[in-house]
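Trainee: I am attaching a structure below and will ask some questions about it afterwards.
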2 protein chains.
Amino acid sequence: MTRLDATHDPAARSWLAAANASGGDFPIQNLPFAVLRRRGRAEAFRGAVAIGDQALDLAALHGHGALSGDVQTVLGLAARPALNDFMAAGPQAWHALRMALFDALHTSANGGTQQILRGCLIPLAEVEYALPTRIGDYTDFYTSIHHAINVGKLLFPDNPLTPNFQWLPIAYHGRASSVVVSGTDFQRPNGQAMPPGAKTPVYTPCTRLDYELEMGFFIGPGNAMGKPVKLADAEQHIFGMCLLNDWSARDHQFWEMAPLGPFLGKNFCTSISPWIVTMEALAPYRVPLPRSGDDPQPLAYLDDTTNRAHGGLDVQLSVTIETARHRARDWPAAEITRTSFRHQYWTVAQMLAQHTVGGCNLQPGDLCGTGTISGPTHAEAGAIVELSVGGSQPITLGGTDEQRTFLLDGDAVILRGWCEKLGAARIGFGECRGMVLPAQA
Amino acid sequence: MTRLDATHDPAARSWLAAANASGGDFPIQNLPFAVLRRRGRAEAFRGAVAIGDQALDLAALHGHGALSGDVQTVLGLAARPALNDFMAAGPQAWHALRMALFDALHTSANGGTQQILRGCLIPLAEVEYALPTRIGDYTDFYTSIHHAINVGKLLFPDNPLTPNFQWLPIAYHGRASSVVVSGTDFQRPNGQAMPPGAKTPVYTPCTRLDYELEMGFFIGPGNAMGKPVKLADAEQHIFGMCLLNDWSARDHQFWEMAPLGPFLGKNFCTSISPWIVTMEALAPYRVPLPRSGDDPQPLAYLDDTTNRAHGGLDVQLSVTIETARHRARDWPAAEITRTSFRHQYWTVAQMLAQHTVGGCNLQPGDLCGTGTISGPTHAEAGAIVELSVGGSQPITLGGTDEQRTFLLDGDAVILRGWCEKLGAARIGFGECRGMVLPAQA
């Protein structure tokens with residue numbers, strides 16, 4: 001695990017006043033990475049770091065030669081139109097750039113440095129984002145025991161949890177090509193479903209469209225085929241985390257998924273937040289794994305004392321639905337879930353160790369999802385199929401008193417994530433947003 | 001479907017005598033594509049076409065400016081170190097290059113042309129291959145009803161076939177990063193398995209290592225997210241086919257796969273043959289779909305008269321196992337399966353239409369596997385778990401009289417594929433080979 005240093009000091013302040021506002025996502029202690037450009041301009045996408053209400057354009061900064069030596073080289077990698085090479089550079093390089101950017105944004109930076117950086121700022125309100133990496137492969141895990149039980153109960157009330165759940169972080173391969181950045185709307189998918197009681201399936205627009213509240217993590221240096229990454233080394237291979245919405249067509253999914261798992265029920269769209277919060281920035285928010293005495297002891301390759309004591313992450317999460325009516329009346333959207341990533345049964349380090357144990361190679365910039373994040377109470381469920389109990393109990397949306405069992409056209413789903421506690425700076429992930437457009441006729 | 005033209009004429013001959021040998025894989029009617037270089041040289045990989053016992057180096061040919069106009073441009077795309085851009089160019093471009101190469105390799109080519117091409121030949125015995133494309137995503141289908149029933153019987157004897165099988169081509173996402181080209185050996189994977197009768201799982205090298213006889217197909221122009229490809233247009237988006245071995249760790253797979261499908265049981269290695277035989281070259285071998293009166297009528301989006309009459313492909317296939325003992329005694333390896341792709345329940349066009357029906361975007365150079373190809377009789381099974389009936393009935397290998405239920409270290413599996421019939425030129429796929437190395441200690 002990353003150690004705490006001066007960049008985590010909650011008293012640290014930036015010369016950029018907006019970065020010091022209370023309740024903001026992007027103080028000087030955060031410094032998350034994205035790929036962006038000025039909105040509507042025919043200019044190249046490039047790497048950037050968020051600070052307050054601004055994006056620090058790393059390509060512009062690199063052009064000034066503002067940093068020196070090895071860090072200037074690393075800055076060049078982080079300035080590219082995809083962050084794969086920066087992620088490949090590894091933890092020492094990531095740390096060096098974090099230190100250098102922290103120093104340059106800190107109140108103690110000299111006037112000349114401040115002047116250069118001010119010239120590299122773009123208001124966040126004026127940017128558009130690209131995917132942060134060229135995603136080679138996308139894997140989605142299934143690591144919330146509360147989600148697994150909630151969904152399992154709908155299908156197998158007497159035996160909701162598969163026998164393997166507490167022995168290994170379950171996962172399946174997802175579709176990399178249809179991962180999109182927040183703000184990309186998508187059409188309700190058409191496909192095949194077997195209506196309840198029917199004898200033959202139908203071709204139909206999805207009637208049970210769902211979101212899934214997840215986090216994602218990006219692979220750093222990765223590993224060669226045949227060379228597993230041990231649990232103790234796993235976090236050296238994780239660059240940082242984002243928010244992820246694994247949109248799901250439940251009717252299509254449940255008809256297609258025996259025996260080989262979800263396919264079209266998931267691959268029409270997966271949304272991620274543009275900003276990647278580094279593992280280093282998350283260091284103050286490490287927590288022990290939640291385990292009870294009844295839980296089996298994991299096999300040795302998935303267990304060590306560091307992981308048990310610090311493997312978890314207390315990232316607070318919310319899901320908000322904004323309907324067409326919210327927008328028409330300019331009413332605030334309806335929050336329907338709050339939970340934390342701390343309840344997840346398996347840690348990101350365990351997920352990565354499991355992914356590679358058989359020799360599968362991970363490559364820099366690859367994306368892994370954590371699976372739906374549901375907390376221990378019903379109100380903390382991370383998918384509407386859980387909140388509405390399989391569509392049987394509509395939920396009411398604040399603001400408009402509209403009801404939903406599944407998503408309707410025009411519904412936007414917004415995921416948010418943040419970390420805060422006494423004695424540490426609040427940091428946030430921004431948001432991950434996507435809206436459902438009508439199905440193609 | 002592609003129409004037959006002069007390039008399919010079985011009487012056509014090349015000025016390269018080796019291309020006219022009977023029983024060869026690479027006559028002038030085939031012209032498959034690969035990416036290769038001279039073995040052991042520190043030179044760039046580039047596109048090539050197989051002809052007889054030679055590879056025609058397309059980068060060298062392009063350097064000569066031997067073709068003219070648009071075809072020279074297409075040749076430039078096919079000469080690159082990955083064929084993605086060539087595949088993106090679409091059927092008209094593929095056809096134009098095929099015609100031009102056919103003419104230049106034909107006995108009627110003039111002396112100057114022949115001289116230039118002779119200077120661009122590299123003996124196949126002297127090349128090494130790379131993957132033919134940068135594979136963005138890899139999808140594996142499950143479209144042999146005989147395989148599905150064989151495997152289903154092992155798990156659910158009374159109800160071997162899932163209810164969806166005859167309604168849609170089932171598929172799951174695979175791992176693109178661990179797809180390797182023929183000749184790449186791999187370590188037996190370690191992982192978690194639940195031994196029969198045990199109460200807790202164990203960490204173990206795979207004890208039930210299997211191959212799967214499959215074919216692969218490569219995506220041409222592809223489609224934008226949200227824009228499905230209709231069945232009638234599907235083959236415009238398929239460049240060509242290869243052999244594919246979906247190595248499987250059955251013990252790991254069966255423990256992990258509930259409820260989300262195979263993951264580590266498959267992602268340690270997938271092998272493909274280097275040569276991609278184009279759909280155009282396969283045109284003489286189209287066959288009707290095998291359907292009986294009991295089979296349900298597919299939904300409209302998966303059915304049309306062309307697909308019914310010509311959607312199938314009669315590619316003959318074999319699986320051979322070469323053990324350490326075969327090699328030590330220089331004995332011929334043991335053929336254990338012969339079958340044909342013609343028995344597959346769903347066509348490649350139906351697979352592609354299904355893949356995109358919900359809006360999933362396919363990109364040039366993406367790879368799809370057909371799923372294990374098992375014919376209607378036991379001897380035609382495409383995986384050893386079927387031949388050995390779940391490991392209960394060892395098979396005997398010709399030549400050495402060794403027995404196998406699953407693969408042992410040192411076993412090499414060789415897939416071969418070819419098409420032949422009266423009135424058409426025999427064409428072949430070459431081979432897809434990989435050997436099992438011992439697990440990491």
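For the structure tokens, the naming scheme is as follows: chains receive sequential letters (A, B, ...) according to their order of presentation, residues are indexed from 1 within each chain, and ligands are indexed from 1 in presentation order.
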If we count only C-alpha atoms, what is near Asp314 (chain A) at a cut-off of 10 Å, once residues fewer than 6 positions away on the same chain are taken out, given as a ChimeraX atom specification?
Mentor: /A:282,284-288,339-344,418-421
Trainee: As a PyMOL selection string, could you give me every residue of chain B near chain A (at most 8 Å apart, counting only C-alpha atoms)?
Mentor: chain B and resi 136-137+162+164+167-168+170-178+186-187+189-191+201-203+225-226+255-264+267-269+299+355+357-363
Trainee: Can I get the selection written as a short mmCIF file (atom, residue, chain, number, x, y, z; two decimals), in the first residue's frame, with N, CA and C atoms?
Mentor:
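So the final result, stored in out_39.cif, reads:
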data_model
loop_
_atom_site.label_atom_id
_atom_site.label_comp_id
_atom_site.auth_asym_id
_atom_site.auth_seq_id
_atom_site.Cartn_x
_atom_site.Cartn_y
_atom_site.Cartn_z
N GLY B 136 -8.79 -6.07 -31.24
CA GLY B 136 -9.41 -5.17 -30.27
C GLY B 136 -10.25 -5.92 -29.26
N ASP B 137 -11.14 -6.76 -29.75
CA ASP B 137 -11.96 -7.61 -28.90
C ASP B 137 -12.03 -8.99 -29.51
N THR B 162 -29.50 -26.04 -23.33
CA THR B 162 -30.22 -24.91 -22.73
C THR B 162 -31.31 -24.46 -23.70
N ASN B 164 -32.27 -21.76 -24.85
CA ASN B 164 -31.97 -20.69 -25.80
C ASN B 164 -31.16 -21.15 -27.02
N TRP B 167 -32.42 -20.81 -30.48
CA TRP B 167 -33.05 -19.52 -30.79
C TRP B 167 -32.04 -18.43 -31.09
N LEU B 168 -30.84 -18.59 -30.56
CA LEU B 168 -29.83 -17.55 -30.82
C LEU B 168 -28.44 -18.16 -30.75
N ILE B 170 -25.38 -18.41 -29.09
CA ILE B 170 -24.85 -18.05 -27.77
C ILE B 170 -23.38 -17.64 -27.92
N ALA B 171 -22.96 -16.68 -27.11
CA ALA B 171 -21.56 -16.26 -27.14
C ALA B 171 -21.18 -15.67 -25.81
N TYR B 172 -19.88 -15.55 -25.59
CA TYR B 172 -19.34 -14.82 -24.44
C TYR B 172 -18.10 -14.10 -24.91
N HIS B 173 -17.74 -13.07 -24.14
CA HIS B 173 -16.53 -12.33 -24.47
C HIS B 173 -15.31 -13.10 -23.98
N GLY B 174 -14.27 -13.16 -24.82
CA GLY B 174 -13.02 -13.79 -24.45
C GLY B 174 -11.95 -12.75 -24.20
N ARG B 175 -10.74 -13.22 -23.95
CA ARG B 175 -9.64 -12.33 -23.62
C ARG B 175 -8.79 -12.10 -24.87
N ALA B 176 -8.70 -10.87 -25.34
CA ALA B 176 -7.93 -10.58 -26.56
C ALA B 176 -6.42 -10.67 -26.30
N SER B 177 -5.98 -10.28 -25.10
CA SER B 177 -4.52 -10.16 -24.87
C SER B 177 -3.81 -11.50 -24.92
N SER B 178 -4.52 -12.59 -24.64
CA SER B 178 -3.84 -13.89 -24.60
C SER B 178 -4.12 -14.73 -25.84
N PHE B 186 2.61 -22.80 -24.29
CA PHE B 186 2.09 -22.10 -23.09
C PHE B 186 2.18 -23.02 -21.89
N GLN B 187 2.24 -22.42 -20.70
CA GLN B 187 2.30 -23.20 -19.46
C GLN B 187 0.91 -23.67 -19.06
N PRO B 189 -1.98 -23.91 -16.81
CA PRO B 189 -2.33 -22.86 -15.83
C PRO B 189 -2.52 -23.42 -14.42
N ASN B 190 -2.13 -22.63 -13.44
CA ASN B 190 -2.52 -22.87 -12.05
C ASN B 190 -3.84 -22.17 -11.78
N GLY B 191 -4.54 -22.61 -10.76
CA GLY B 191 -5.80 -21.94 -10.42
C GLY B 191 -6.56 -22.72 -9.38
N PRO B 201 -12.20 -25.82 -1.96
CA PRO B 201 -11.42 -25.86 -3.21
C PRO B 201 -9.93 -25.91 -2.92
N VAL B 202 -9.17 -26.21 -3.97
CA VAL B 202 -7.71 -26.26 -3.85
C VAL B 202 -7.09 -25.40 -4.95
N TYR B 203 -5.87 -24.96 -4.66
CA TYR B 203 -5.04 -24.29 -5.66
C TYR B 203 -4.20 -25.37 -6.33
N MET B 225 -21.33 2.00 -32.88
CA MET B 225 -22.16 1.66 -31.72
C MET B 225 -23.59 2.11 -31.99
N GLY B 226 -24.54 1.24 -31.72
CA GLY B 226 -25.95 1.58 -31.93
C GLY B 226 -26.45 1.31 -33.34
N TRP B 255 -15.53 -24.89 -11.88
CA TRP B 255 -15.65 -24.34 -10.52
C TRP B 255 -15.98 -22.84 -10.56
N GLU B 256 -15.42 -22.12 -11.51
CA GLU B 256 -15.56 -20.66 -11.52
C GLU B 256 -16.80 -20.17 -12.27
N MET B 257 -17.37 -20.98 -13.17
CA MET B 257 -18.23 -20.39 -14.20
C MET B 257 -19.68 -20.10 -13.79
N ALA B 258 -20.11 -20.54 -12.61
CA ALA B 258 -21.44 -20.12 -12.17
C ALA B 258 -21.29 -18.83 -11.38
N PRO B 259 -22.03 -17.77 -11.67
CA PRO B 259 -23.09 -17.70 -12.68
C PRO B 259 -22.70 -16.94 -13.95
N LEU B 260 -21.44 -16.51 -14.10
CA LEU B 260 -21.15 -15.54 -15.16
C LEU B 260 -20.32 -16.08 -16.33
N GLY B 261 -20.09 -17.40 -16.34
CA GLY B 261 -19.43 -17.97 -17.51
C GLY B 261 -17.94 -18.19 -17.31
N PRO B 262 -17.27 -18.71 -18.36
CA PRO B 262 -15.85 -19.05 -18.28
C PRO B 262 -14.98 -17.79 -18.19
N PHE B 263 -13.90 -17.89 -17.44
CA PHE B 263 -12.99 -16.75 -17.30
C PHE B 263 -11.56 -17.30 -17.31
N LEU B 264 -11.01 -17.63 -16.13
CA LEU B 264 -9.64 -18.15 -16.10
C LEU B 264 -9.54 -19.51 -16.78
N ASN B 267 -8.77 -18.00 -20.35
CA ASN B 267 -7.99 -16.82 -20.77
C ASN B 267 -6.49 -16.96 -20.62
N PHE B 268 -5.98 -18.15 -20.32
CA PHE B 268 -4.53 -18.33 -20.23
C PHE B 268 -3.89 -18.44 -21.60
N CYS B 269 -4.66 -18.84 -22.62
CA CYS B 269 -4.11 -18.95 -23.97
C CYS B 269 -5.21 -19.32 -24.98
N LEU B 299 -36.11 -16.38 -35.40
CA LEU B 299 -36.76 -15.07 -35.52
C LEU B 299 -36.27 -14.40 -36.80
N HIS B 355 -24.42 -10.60 -32.85
CA HIS B 355 -23.44 -9.84 -32.06
C HIS B 355 -23.79 -8.35 -32.04
N VAL B 357 -26.92 -6.99 -32.84
CA VAL B 357 -28.36 -6.65 -32.82
C VAL B 357 -28.70 -5.64 -31.73
N GLY B 358 -27.96 -5.67 -30.63
CA GLY B 358 -28.23 -4.72 -29.55
C GLY B 358 -27.45 -3.43 -29.68
N GLY B 359 -26.65 -3.32 -30.73
CA GLY B 359 -25.89 -2.09 -30.94
C GLY B 359 -24.41 -2.22 -30.66
N CYS B 360 -23.95 -3.40 -30.24
CA CYS B 360 -22.52 -3.56 -29.96
C CYS B 360 -21.71 -3.27 -31.23
N ASN B 361 -20.67 -2.49 -31.10
CA ASN B 361 -19.83 -2.14 -32.24
C ASN B 361 -18.68 -3.12 -32.41
N LEU B 362 -18.51 -3.56 -33.66
CA LEU B 362 -17.38 -4.42 -34.03
C LEU B 362 -16.38 -3.55 -34.78
N GLN B 363 -15.11 -3.83 -34.56
CA GLN B 363 -14.07 -3.00 -35.18
C GLN B 363 -13.19 -3.83 -36.09
#
Trainee: Need to verify the contact set: region 32-48 of chain A, 9 Å, only C-alpha atoms, exclusion of same-chain residues closer than 3 positions in sequence. Can you return it as a PyMOL selection string?
Mentor: chain A and resi 26+51+55-59+77-83+122-123+125-133+240+274-278+281+429
Trainee: Tell me, which residues of region 58-306 of chain B carry DSSP helix (DSSP H, G or I), written as a PDB file with C-alpha atoms, in the first residue's frame?
Mentor:
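As a result, selection_34.pdb now contains:
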ATOM      1  CA  LEU B  58       3.553  -7.733 -49.821  1.00  0.00           C
ATOM      2  CA  ALA B  59       5.775  -4.992 -48.392  1.00  0.00           C
ATOM      3  CA  ALA B  60       8.488  -5.906 -50.882  1.00  0.00           C
ATOM      4  CA  LEU B  61       5.913  -6.046 -53.670  1.00  0.00           C
ATOM      5  CA  HIS B  62       4.500  -2.679 -52.638  1.00  0.00           C
ATOM      6  CA  GLY B  63       8.023  -1.249 -52.674  1.00  0.00           C
ATOM      7  CA  GLY B  69      -3.706   2.892 -58.999  1.00  0.00           C
ATOM      8  CA  ASP B  70      -6.159   1.980 -56.253  1.00  0.00           C
ATOM      9  CA  VAL B  71      -4.903  -1.585 -56.019  1.00  0.00           C
ATOM     10  CA  GLN B  72      -1.403  -0.384 -55.185  1.00  0.00           C
ATOM     11  CA  THR B  73      -2.973   1.620 -52.333  1.00  0.00           C
ATOM     12  CA  VAL B  74      -4.827  -1.453 -51.083  1.00  0.00           C
ATOM     13  CA  LEU B  75      -1.592  -3.458 -51.388  1.00  0.00           C
ATOM     14  CA  GLY B  76       0.007  -0.879 -49.111  1.00  0.00           C
ATOM     15  CA  LEU B  77      -2.641  -1.550 -46.460  1.00  0.00           C
ATOM     16  CA  ALA B  78      -2.175  -5.311 -46.752  1.00  0.00           C
ATOM     17  CA  ASN B  84      -6.593  -4.015 -39.443  1.00  0.00           C
ATOM     18  CA  ASP B  85      -6.531  -1.225 -42.023  1.00  0.00           C
ATOM     19  CA  PHE B  86      -6.721  -3.694 -44.889  1.00  0.00           C
ATOM     20  CA  MET B  87      -9.717  -5.377 -43.263  1.00  0.00           C
ATOM     21  CA  ALA B  88     -11.328  -1.965 -42.746  1.00  0.00           C
ATOM     22  CA  PRO B  91     -14.976  -6.276 -49.813  1.00  0.00           C
ATOM     23  CA  GLN B  92     -14.380  -4.232 -52.971  1.00  0.00           C
ATOM     24  CA  ALA B  93     -10.803  -3.510 -51.949  1.00  0.00           C
ATOM     25  CA  TRP B  94     -10.235  -7.142 -50.912  1.00  0.00           C
ATOM     26  CA  HIS B  95     -11.606  -8.317 -54.243  1.00  0.00           C
ATOM     27  CA  ALA B  96      -9.466  -5.917 -56.256  1.00  0.00           C
ATOM     28  CA  LEU B  97      -6.290  -7.082 -54.546  1.00  0.00           C
ATOM     29  CA  ARG B  98      -7.246 -10.743 -54.956  1.00  0.00           C
ATOM     30  CA  MET B  99      -7.774 -10.223 -58.696  1.00  0.00           C
ATOM     31  CA  ALA B 100      -4.474  -8.386 -59.088  1.00  0.00           C
ATOM     32  CA  LEU B 101      -2.457 -10.982 -57.160  1.00  0.00           C
ATOM     33  CA  PHE B 102      -4.181 -13.805 -59.021  1.00  0.00           C
ATOM     34  CA  ASP B 103      -3.262 -12.228 -62.347  1.00  0.00           C
ATOM     35  CA  ALA B 104       0.331 -11.628 -61.297  1.00  0.00           C
ATOM     36  CA  LEU B 105       0.765 -15.203 -60.054  1.00  0.00           C
ATOM     37  CA  GLY B 111       7.950 -12.208 -67.671  1.00  0.00           C
ATOM     38  CA  GLY B 112       8.635  -8.864 -66.038  1.00  0.00           C
ATOM     39  CA  THR B 113       5.861  -9.349 -63.518  1.00  0.00           C
ATOM     40  CA  GLN B 114       7.007 -12.882 -62.761  1.00  0.00           C
ATOM     41  CA  GLN B 115      10.549 -11.641 -62.196  1.00  0.00           C
ATOM     42  CA  ILE B 116       9.412  -8.976 -59.743  1.00  0.00           C
ATOM     43  CA  LEU B 117       7.252 -11.439 -57.804  1.00  0.00           C
ATOM     44  CA  ARG B 118       9.982 -14.068 -57.663  1.00  0.00           C
ATOM     45  CA  LEU B 124       7.411 -20.771 -45.863  1.00  0.00           C
ATOM     46  CA  ALA B 125       9.985 -22.964 -44.129  1.00  0.00           C
ATOM     47  CA  GLU B 126      11.959 -19.801 -43.300  1.00  0.00           C
ATOM     48  CA  ILE B 145     -25.419 -28.315 -31.257  1.00  0.00           C
ATOM     49  CA  HIS B 146     -23.506 -31.590 -31.079  1.00  0.00           C
ATOM     50  CA  HIS B 147     -20.860 -30.049 -28.805  1.00  0.00           C
ATOM     51  CA  ALA B 148     -23.519 -28.382 -26.675  1.00  0.00           C
ATOM     52  CA  ILE B 149     -25.334 -31.684 -26.208  1.00  0.00           C
ATOM     53  CA  ASN B 150     -22.120 -33.660 -25.556  1.00  0.00           C
ATOM     54  CA  VAL B 151     -20.977 -31.242 -22.863  1.00  0.00           C
ATOM     55  CA  GLY B 152     -24.483 -30.627 -21.536  1.00  0.00           C
ATOM     56  CA  LYS B 153     -24.948 -34.387 -20.960  1.00  0.00           C
ATOM     57  CA  LEU B 154     -21.924 -34.417 -18.653  1.00  0.00           C
ATOM     58  CA  LEU B 155     -23.535 -31.800 -16.389  1.00  0.00           C
ATOM     59  CA  LEU B 231     -28.135 -10.550 -41.594  1.00  0.00           C
ATOM     60  CA  ALA B 232     -28.174  -9.828 -45.329  1.00  0.00           C
ATOM     61  CA  ASP B 233     -25.183  -7.495 -44.949  1.00  0.00           C
ATOM     62  CA  ALA B 234     -23.289  -9.523 -42.384  1.00  0.00           C
ATOM     63  CA  GLU B 235     -20.785 -11.184 -44.697  1.00  0.00           C
ATOM     64  CA  GLN B 236     -19.702  -7.804 -46.034  1.00  0.00           C
ATOM     65  CA  HIS B 237     -18.203  -7.422 -42.568  1.00  0.00           C
ATOM     66  CA  ARG B 250     -11.961 -27.756 -17.369  1.00  0.00           C
ATOM     67  CA  ASP B 251     -11.450 -28.134 -13.607  1.00  0.00           C
ATOM     68  CA  HIS B 252     -10.857 -24.407 -13.125  1.00  0.00           C
ATOM     69  CA  GLN B 253     -13.642 -23.554 -15.579  1.00  0.00           C
ATOM     70  CA  PHE B 254     -16.386 -25.668 -14.033  1.00  0.00           C
ATOM     71  CA  TRP B 255     -15.652 -24.340 -10.524  1.00  0.00           C
ATOM     72  CA  GLU B 256     -15.565 -20.663 -11.524  1.00  0.00           C
ATOM     73  CA  ALA B 283     -17.035 -19.232 -51.975  1.00  0.00           C
ATOM     74  CA  PRO B 284     -17.050 -22.643 -53.760  1.00  0.00           C
ATOM     75  CA  TYR B 285     -17.620 -24.395 -50.447  1.00  0.00           C
ATOM     76  CA  ALA B 300     -36.823 -12.887 -38.630  1.00  0.00           C
ATOM     77  CA  TYR B 301     -33.630 -10.979 -37.855  1.00  0.00           C
ATOM     78  CA  LEU B 302     -31.696 -14.284 -37.895  1.00  0.00           C
ATOM     79  CA  THR B 305     -33.241 -17.506 -47.824  1.00  0.00           C
ATOM     80  CA  THR B 306     -29.602 -16.851 -48.730  1.00  0.00           C
TER      81      THR B 306
END
Trainee: Using CA of Ala19 (chain A) and CA of Val319 (chain A) as the two end points, give the distance in Å to one decimal.
Mentor: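 Between CA of Ala19 (chain A) and CA of Val319 (chain A) the gap is 24.8 Å.
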Trainee: Could you tell me how far CA of Leu397 (chain A) sits from CA of Arg338 (chain A), in Å to one decimal place?
Mentor: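 We find that CA of Arg338 (chain A) and CA of Leu397 (chain A) lie 14.2 Å from each other.
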Trainee: So which one's closest to Ala17 (chain B), B:Ser68, B:Thr2, B:Thr107, B:Thr370? Using only C-alpha atoms, please.
Mentor: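 Looking only at the distances to Ala17 (chain B), the closest residue turns out to be B:Thr107.
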Trainee: Could you write out, as a VMD selection string, all the residues of region 146-352 of chain A that DSSP marks as strand (DSSP E)?
Mentor: chain A and resid 170 to 173 179 to 181 186 to 187 190 to 193 202 to 205 209 to 210 213 to 219 238 to 245 248 to 249 270 to 272 277 to 278 286 to 287 312 to 313 316 to 322 334 to 340
Trainee: Identify, on the basis of only C-alpha atoms, every residue whose closest approach to Tyr345 (chain A) does not exceed 8 Å; exclude the query and any residue fewer than 2 positions from it along the same chain; express the result as a tab-separated table (two decimals) with all heavy atoms, in the first residue's frame.
Mentor:
chain	number	residue	atom	x	y	z
A	143	THR	N	-18.09	-8.86	-7.13
A	143	THR	CA	-17.42	-9.01	-5.83
A	143	THR	C	-18.20	-8.42	-4.66
A	143	THR	O	-17.67	-8.35	-3.56
A	143	THR	CB	-16.00	-8.38	-5.88
A	143	THR	OG1	-16.12	-6.99	-6.19
A	143	THR	CG2	-15.13	-9.07	-6.90
A	144	SER	N	-19.44	-7.99	-4.89
A	144	SER	CA	-20.28	-7.57	-3.76
A	144	SER	C	-21.16	-8.73	-3.34
A	144	SER	O	-22.02	-9.18	-4.11
A	144	SER	CB	-21.16	-6.37	-4.14
A	144	SER	OG	-22.22	-6.25	-3.21
A	145	ILE	N	-20.97	-9.19	-2.10
A	145	ILE	CA	-21.77	-10.33	-1.64
A	145	ILE	C	-23.24	-9.91	-1.48
A	145	ILE	O	-24.14	-10.72	-1.68
A	145	ILE	CB	-21.18	-10.91	-0.33
A	145	ILE	CG1	-21.77	-12.31	-0.06
A	145	ILE	CG2	-21.38	-9.97	0.84
A	145	ILE	CD1	-20.99	-13.10	0.99
A	166	GLN	N	-17.46	-17.08	-2.15
A	166	GLN	CA	-16.58	-16.71	-1.05
A	166	GLN	C	-15.19	-17.32	-1.17
A	166	GLN	O	-14.36	-17.17	-0.29
A	166	GLN	CB	-17.22	-17.10	0.29
A	166	GLN	CG	-18.46	-16.23	0.59
A	166	GLN	CD	-19.09	-16.59	1.91
A	166	GLN	OE1	-19.61	-17.71	2.05
A	166	GLN	NE2	-19.05	-15.68	2.86
A	289	LEU	N	-10.65	-5.31	5.35
A	289	LEU	CA	-11.67	-6.10	4.66
A	289	LEU	C	-12.82	-6.41	5.61
A	289	LEU	O	-12.57	-6.77	6.76
A	289	LEU	CB	-11.07	-7.44	4.25
A	289	LEU	CG	-10.63	-7.62	2.84
A	289	LEU	CD1	-10.31	-9.10	2.60
A	289	LEU	CD2	-11.73	-7.19	1.90
A	290	PRO	N	-14.05	-6.32	5.14
A	290	PRO	CA	-15.15	-6.75	5.99
A	290	PRO	C	-15.25	-8.27	5.97
A	290	PRO	O	-15.46	-8.86	4.92
A	290	PRO	CB	-16.38	-6.13	5.32
A	290	PRO	CG	-16.02	-6.00	3.89
A	290	PRO	CD	-14.52	-5.86	3.82
A	291	ARG	N	-15.04	-8.91	7.11
A	291	ARG	CA	-15.14	-10.38	7.18
A	291	ARG	C	-15.80	-10.74	8.50
A	291	ARG	O	-15.56	-10.09	9.52
A	291	ARG	CB	-13.76	-11.04	7.12
A	291	ARG	CG	-13.15	-11.09	5.74
A	291	ARG	CD	-13.85	-12.13	4.86
A	291	ARG	NE	-13.20	-12.24	3.56
A	291	ARG	CZ	-13.41	-11.41	2.54
A	291	ARG	NH1	-14.25	-10.39	2.66
A	291	ARG	NH2	-12.78	-11.59	1.40
A	343	HIS	N	-17.80	-2.11	1.57
A	343	HIS	CA	-18.52	-3.34	1.84
A	343	HIS	C	-18.16	-4.48	0.88
A	343	HIS	O	-18.65	-5.59	1.02
A	343	HIS	CB	-20.04	-3.10	1.74
A	343	HIS	CG	-20.52	-2.02	2.65
A	343	HIS	ND1	-20.38	-2.08	4.02
A	343	HIS	CD2	-21.12	-0.84	2.38
A	343	HIS	CE1	-20.90	-0.98	4.56
A	343	HIS	NE2	-21.34	-0.21	3.59
A	347	THR	N	-11.05	-7.45	-2.51
A	347	THR	CA	-10.34	-6.19	-2.77
A	347	THR	C	-9.84	-6.13	-4.22
A	347	THR	O	-9.74	-7.16	-4.91
A	347	THR	CB	-9.11	-6.05	-1.85
A	347	THR	OG1	-8.16	-7.06	-2.21
A	347	THR	CG2	-9.51	-6.21	-0.38
Trainee: Using only C-alpha atoms, which protein or nucleic acid residues come within 8 Å of Thr184 (chain A)? Drop anything in the same chain fewer than 5 positions from it, and give the result as a list of chain:residue names.
Mentor: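 Everything that qualifies: A:Ser271, A:Arg433, A:Gly434, A:Met435.
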Trainee: Could you dump the residues just selected with N, CA and C atoms as a tab-separated table (two decimals), in the first residue's frame?
Mentor:
chain	number	residue	atom	x	y	z
A	271	SER	N	-20.36	2.79	-19.32
A	271	SER	CA	-19.90	4.19	-19.16
A	271	SER	C	-18.89	4.30	-18.03
A	433	ARG	N	-22.05	9.94	-16.13
A	433	ARG	CA	-23.43	10.19	-16.55
A	433	ARG	C	-23.70	9.57	-17.91
A	434	GLY	N	-24.92	9.08	-18.07
A	434	GLY	CA	-25.36	8.59	-19.38
A	434	GLY	C	-26.86	8.62	-19.44
A	435	MET	N	-27.40	8.81	-20.62
A	435	MET	CA	-28.86	8.91	-20.77
A	435	MET	C	-29.35	7.86	-21.76
